[in-house]
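A.B. asks: File query39.pdb follows (PDB, C-alpha atoms):
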ATOM      1  CA  MET A   1      -8.995 -17.892  62.243
ATOM      2  CA  ARG A   2      -7.866 -21.510  62.263
ATOM      3  CA  PHE A   3      -9.206 -22.025  58.750
ATOM      4  CA  LEU A   4      -7.895 -18.800  57.234
ATOM      5  CA  ILE A   5      -4.164 -19.520  57.515
ATOM      6  CA  PRO A   6      -4.282 -22.943  55.787
ATOM      7  CA  LEU A   7      -6.585 -21.466  53.155
ATOM      8  CA  PHE A   8      -4.130 -18.615  52.592
ATOM      9  CA  ILE A   9      -1.249 -21.065  52.265
ATOM     10  CA  ILE A  10      -3.164 -23.242  49.789
ATOM     11  CA  VAL A  11      -4.016 -20.166  47.702
ATOM     12  CA  LEU A  12      -0.313 -19.245  47.799
ATOM     13  CA  GLY A  13       0.396 -22.742  46.469
ATOM     14  CA  MET A  14      -2.125 -22.225  43.681
ATOM     15  CA  PHE A  15      -0.392 -19.001  42.656
ATOM     16  CA  THR A  16       2.925 -20.846  42.731
ATOM     17  CA  GLY A  17       1.382 -23.409  40.382
ATOM     18  CA  VAL A  18       0.428 -20.586  38.014
ATOM     19  CA  VAL A  19       3.990 -19.227  38.072
ATOM     20  CA  VAL A  20       5.429 -22.671  37.346
ATOM     21  CA  CYS A  21       2.919 -23.089  34.517
ATOM     22  CA  ARG A  22       4.327 -19.931  32.893
ATOM     23  CA  PHE A  23       7.629 -21.788  32.307
ATOM     24  CA  PHE A  24       5.843 -24.446  30.267
ATOM     25  CA  LYS A  25       3.642 -24.184  27.194
ATOM     26  CA  GLU A  26       0.272 -23.262  28.548
ATOM     27  CA  THR A  27      -2.730 -25.325  27.649
ATOM     28  CA  ALA A  28      -6.139 -25.111  29.237
ATOM     29  CA  ILE A  29      -5.783 -28.529  30.847
ATOM     30  CA  GLY A  30      -2.185 -27.858  31.925
ATOM     31  CA  PHE A  31      -3.151 -24.566  33.564
ATOM     32  CA  LYS A  32      -6.016 -26.077  35.523
ATOM     33  CA  LEU A  33      -3.964 -29.075  36.566
ATOM     34  CA  SER A  34      -1.084 -26.807  37.577
ATOM     35  CA  VAL A  35      -3.338 -24.734  39.835
ATOM     36  CA  LEU A  36      -4.785 -27.884  41.397
ATOM     37  CA  ALA A  37      -1.352 -29.481  41.822
ATOM     38  CA  GLY A  38      -0.026 -26.268  43.369
ATOM     39  CA  GLY A  39      -2.742 -26.229  46.013
ATOM     40  CA  LEU A  40      -2.343 -29.906  46.814
ATOM     41  CA  GLY A  41       1.450 -29.636  46.769
ATOM     42  CA  ALA A  42       1.364 -26.757  49.244
ATOM     43  CA  PHE A  43      -0.772 -28.811  51.581
ATOM     44  CA  ALA A  44       1.540 -31.819  51.136
ATOM     45  CA  GLY A  45       4.592 -29.640  51.802
ATOM     46  CA  LEU A  46       3.052 -28.488  55.078
ATOM     47  CA  MET A  47       2.216 -32.055  56.065
ATOM     48  CA  ILE A  48       5.765 -33.254  55.320
ATOM     49  CA  ARG A  49       7.181 -30.339  57.311
ATOM     50  CA  ASP A  50       4.995 -31.248  60.275
ATOM     51  CA  MET A  51       5.762 -34.978  60.083
ATOM     52  CA  LEU A  52       9.520 -34.408  59.929
ATOM     53  CA  ASP A  53       9.288 -31.681  62.599
ATOM     54  CA  ILE A  54      11.363 -29.200  60.606
ATOM     55  CA  THR A  55      11.597 -25.934  62.542
ATOM     56  CA  SER A  56      14.042 -23.919  60.439
ATOM     57  CA  ALA A  57      13.076 -20.328  59.528
ATOM     58  CA  GLY A  58      10.582 -20.119  62.379
ATOM     59  CA  ASP A  59       6.965 -21.166  62.373
ATOM     60  CA  LEU A  60       5.535 -18.914  59.669
ATOM     61  CA  GLY A  61       8.648 -18.695  57.500
ATOM     62  CA  GLY A  62       9.154 -22.451  57.529
ATOM     63  CA  ALA A  63       5.513 -23.043  56.668
ATOM     64  CA  LEU A  64       5.649 -20.647  53.727
ATOM     65  CA  ILE A  65       8.899 -22.121  52.423
ATOM     66  CA  ALA A  66       7.556 -25.674  52.712
ATOM     67  CA  ALA A  67       4.325 -24.700  50.960
ATOM     68  CA  VAL A  68       6.073 -22.956  48.073
ATOM     69  CA  ILE A  69       8.585 -25.786  47.563
ATOM     70  CA  GLY A  70       5.846 -28.425  47.686
ATOM     71  CA  ALA A  71       3.652 -26.474  45.278
ATOM     72  CA  ALA A  72       6.485 -25.807  42.832
ATOM     73  CA  ALA A  73       7.591 -29.435  42.839
ATOM     74  CA  SER A  74       4.126 -30.870  42.281
ATOM     75  CA  ALA A  75       3.203 -28.292  39.624
ATOM     76  CA  ALA A  76       6.478 -28.927  37.780
ATOM     77  CA  ILE A  77       5.846 -32.669  37.779
ATOM     78  CA  VAL A  78       2.296 -32.219  36.492
ATOM     79  CA  ASN A  79       3.434 -29.806  33.775
ATOM     80  CA  ALA A  80       6.254 -32.115  32.732
ATOM     81  CA  LEU A  81       3.796 -34.989  32.388
ATOM     82  CA  PHE A  82       0.939 -33.145  30.689
ATOM     83  CA  GLY A  83       2.599 -30.171  28.989
ATOM     84  CA  ARG A  84       5.494 -29.257  26.758
ATOM     85  CA  ILE A  85       8.615 -27.405  27.779
ATOM     86  CA  GLY A  86       9.407 -24.104  26.038
ATOM     87  CA  ARG A  87       7.408 -21.677  24.001
TER      88      ARG A  87
END
Spit out the file's structure as structure tokens when you get a sec.

C.D. replies:
Amino acid sequence: MRFLIPLFIIVLGMFTGVVVCRFFKETAIGFKLSVLAGGLGAFAGLMIRDMLDITSAGDLGGALIAAVIGAAASAAIVNALFGRIGR
């Protein structure tokens, strides 16, 4: 059980990376990088939340919010660097 929750949150970050990638012109490299950046950003968001000891929105709600914000930020940065805005 201890490995399932972080895995679920990282997969949620990957899906967030896919959603952010939809706002940019999709390329094969941009899509793959966005999924990877989403997963890593979700993990980084959780680590930052734990280091700063942020307890707003409860344990689970705060973790999900931190993961989604971290994933969206990292995927947006990767897409801005390696993709094009607009369709």

A.B. asks: Please provide as a PDB file with C-alpha atoms, in the frame of the given file all residues within 10 Å of Ile65 in chain A, with the sequence filter that same-chain residues fewer than 3 positions apart are discarded (counting all atoms listed in the file).

C.D. replies:
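Dumped everything to selection39.pdb:
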ATOM      1  CA  ALA A  42       1.364 -26.757  49.244  1.00  0.00           C
ATOM      2  CA  GLY A  45       4.592 -29.640  51.802  1.00  0.00           C
ATOM      3  CA  LEU A  46       3.052 -28.488  55.078  1.00  0.00           C
ATOM      4  CA  ARG A  49       7.181 -30.339  57.311  1.00  0.00           C
ATOM      5  CA  SER A  56      14.042 -23.919  60.439  1.00  0.00           C
ATOM      6  CA  ALA A  57      13.076 -20.328  59.528  1.00  0.00           C
ATOM      7  CA  LEU A  60       5.535 -18.914  59.669  1.00  0.00           C
ATOM      8  CA  GLY A  61       8.648 -18.695  57.500  1.00  0.00           C
ATOM      9  CA  GLY A  62       9.154 -22.451  57.529  1.00  0.00           C
ATOM     10  CA  VAL A  68       6.073 -22.956  48.073  1.00  0.00           C
ATOM     11  CA  ILE A  69       8.585 -25.786  47.563  1.00  0.00           C
ATOM     12  CA  GLY A  70       5.846 -28.425  47.686  1.00  0.00           C
ATOM     13  CA  ALA A  71       3.652 -26.474  45.278  1.00  0.00           C
TER      14      ALA A  71
END

A.B. asks: Looking at A:Leu64, A:Ile54, A:Leu81, A:Ala75, which one is nearest to Lys32 in chain A, with distances taken over all atoms listed in the file?

C.D. replies: A:Ala75

A.B. asks: Find the residues near Met47 in chain A: any atom within 12 Å, counting only C-alpha atoms, skip ones fewer than 6 places away on the same chain, and give them as a list in words.

C.D. replies: Pro6, Leu40, Gly41, Asp53, Ile54, Gly62, Ala63, Ala66, Ala67 and Gly70 of chain A

A.B. asks: Quick one: residues within 12 Å of range 19-28 of chain A, only C-alpha atoms counted, chain neighbours fewer than 5 positions away excluded, as a ChimeraX atom specification?

C.D. replies: /A:12-14,33-38,68-87

A.B. asks: Output the selection as an mmCIF file, keeping the file's coordinate frame - C-alpha atoms for each residue.

C.D. replies:
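Produced file again-v7.cif, reproduced below:
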data_model
loop_
_atom_site.group_PDB
_atom_site.id
_atom_site.type_symbol
_atom_site.label_atom_id
_atom_site.label_comp_id
_atom_site.auth_asym_id
_atom_site.auth_seq_id
_atom_site.Cartn_x
_atom_site.Cartn_y
_atom_site.Cartn_z
ATOM 1 C CA LEU A 12 -0.313 -19.245 47.799
ATOM 2 C CA GLY A 13 0.396 -22.742 46.469
ATOM 3 C CA MET A 14 -2.125 -22.225 43.681
ATOM 4 C CA LEU A 33 -3.964 -29.075 36.566
ATOM 5 C CA SER A 34 -1.084 -26.807 37.577
ATOM 6 C CA VAL A 35 -3.338 -24.734 39.835
ATOM 7 C CA LEU A 36 -4.785 -27.884 41.397
ATOM 8 C CA ALA A 37 -1.352 -29.481 41.822
ATOM 9 C CA GLY A 38 -0.026 -26.268 43.369
ATOM 10 C CA VAL A 68 6.073 -22.956 48.073
ATOM 11 C CA ILE A 69 8.585 -25.786 47.563
ATOM 12 C CA GLY A 70 5.846 -28.425 47.686
ATOM 13 C CA ALA A 71 3.652 -26.474 45.278
ATOM 14 C CA ALA A 72 6.485 -25.807 42.832
ATOM 15 C CA ALA A 73 7.591 -29.435 42.839
ATOM 16 C CA SER A 74 4.126 -30.870 42.281
ATOM 17 C CA ALA A 75 3.203 -28.292 39.624
ATOM 18 C CA ALA A 76 6.478 -28.927 37.780
ATOM 19 C CA ILE A 77 5.846 -32.669 37.779
ATOM 20 C CA VAL A 78 2.296 -32.219 36.492
ATOM 21 C CA ASN A 79 3.434 -29.806 33.775
ATOM 22 C CA ALA A 80 6.254 -32.115 32.732
ATOM 23 C CA LEU A 81 3.796 -34.989 32.388
ATOM 24 C CA PHE A 82 0.939 -33.145 30.689
ATOM 25 C CA GLY A 83 2.599 -30.171 28.989
ATOM 26 C CA ARG A 84 5.494 -29.257 26.758
ATOM 27 C CA ILE A 85 8.615 -27.405 27.779
ATOM 28 C CA GLY A 86 9.407 -24.104 26.038
ATOM 29 C CA ARG A 87 7.408 -21.677 24.001
#

A.B. asks: For a test of reading the model, state the distance in Å between CA of Phe3 in chain A and CA of Phe43 in chain A, rounded to one decimal.

C.D. replies: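 Straight-line distance from CA of Phe3 in chain A to CA of Phe43 in chain A works out to 13.0 Å.
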
A.B. asks: Please indicate the distance in Å from CA of Phe15 in chain A to CA of Gly39 in chain A, rounded to one decimal place.

C.D. replies: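 Separating CA of Phe15 in chain A from CA of Gly39 in chain A is a distance of 8.3 Å.
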
A.B. asks: Given all atoms listed in the file as the basis, pick out the residue of A:Ile9, A:Gly58, A:Val18, A:Gly30 nearest to Ala44 in chain A.

C.D. replies: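 Residue with the minimum atom-to-atom distance to Ala44 in chain A: A:Ile9.
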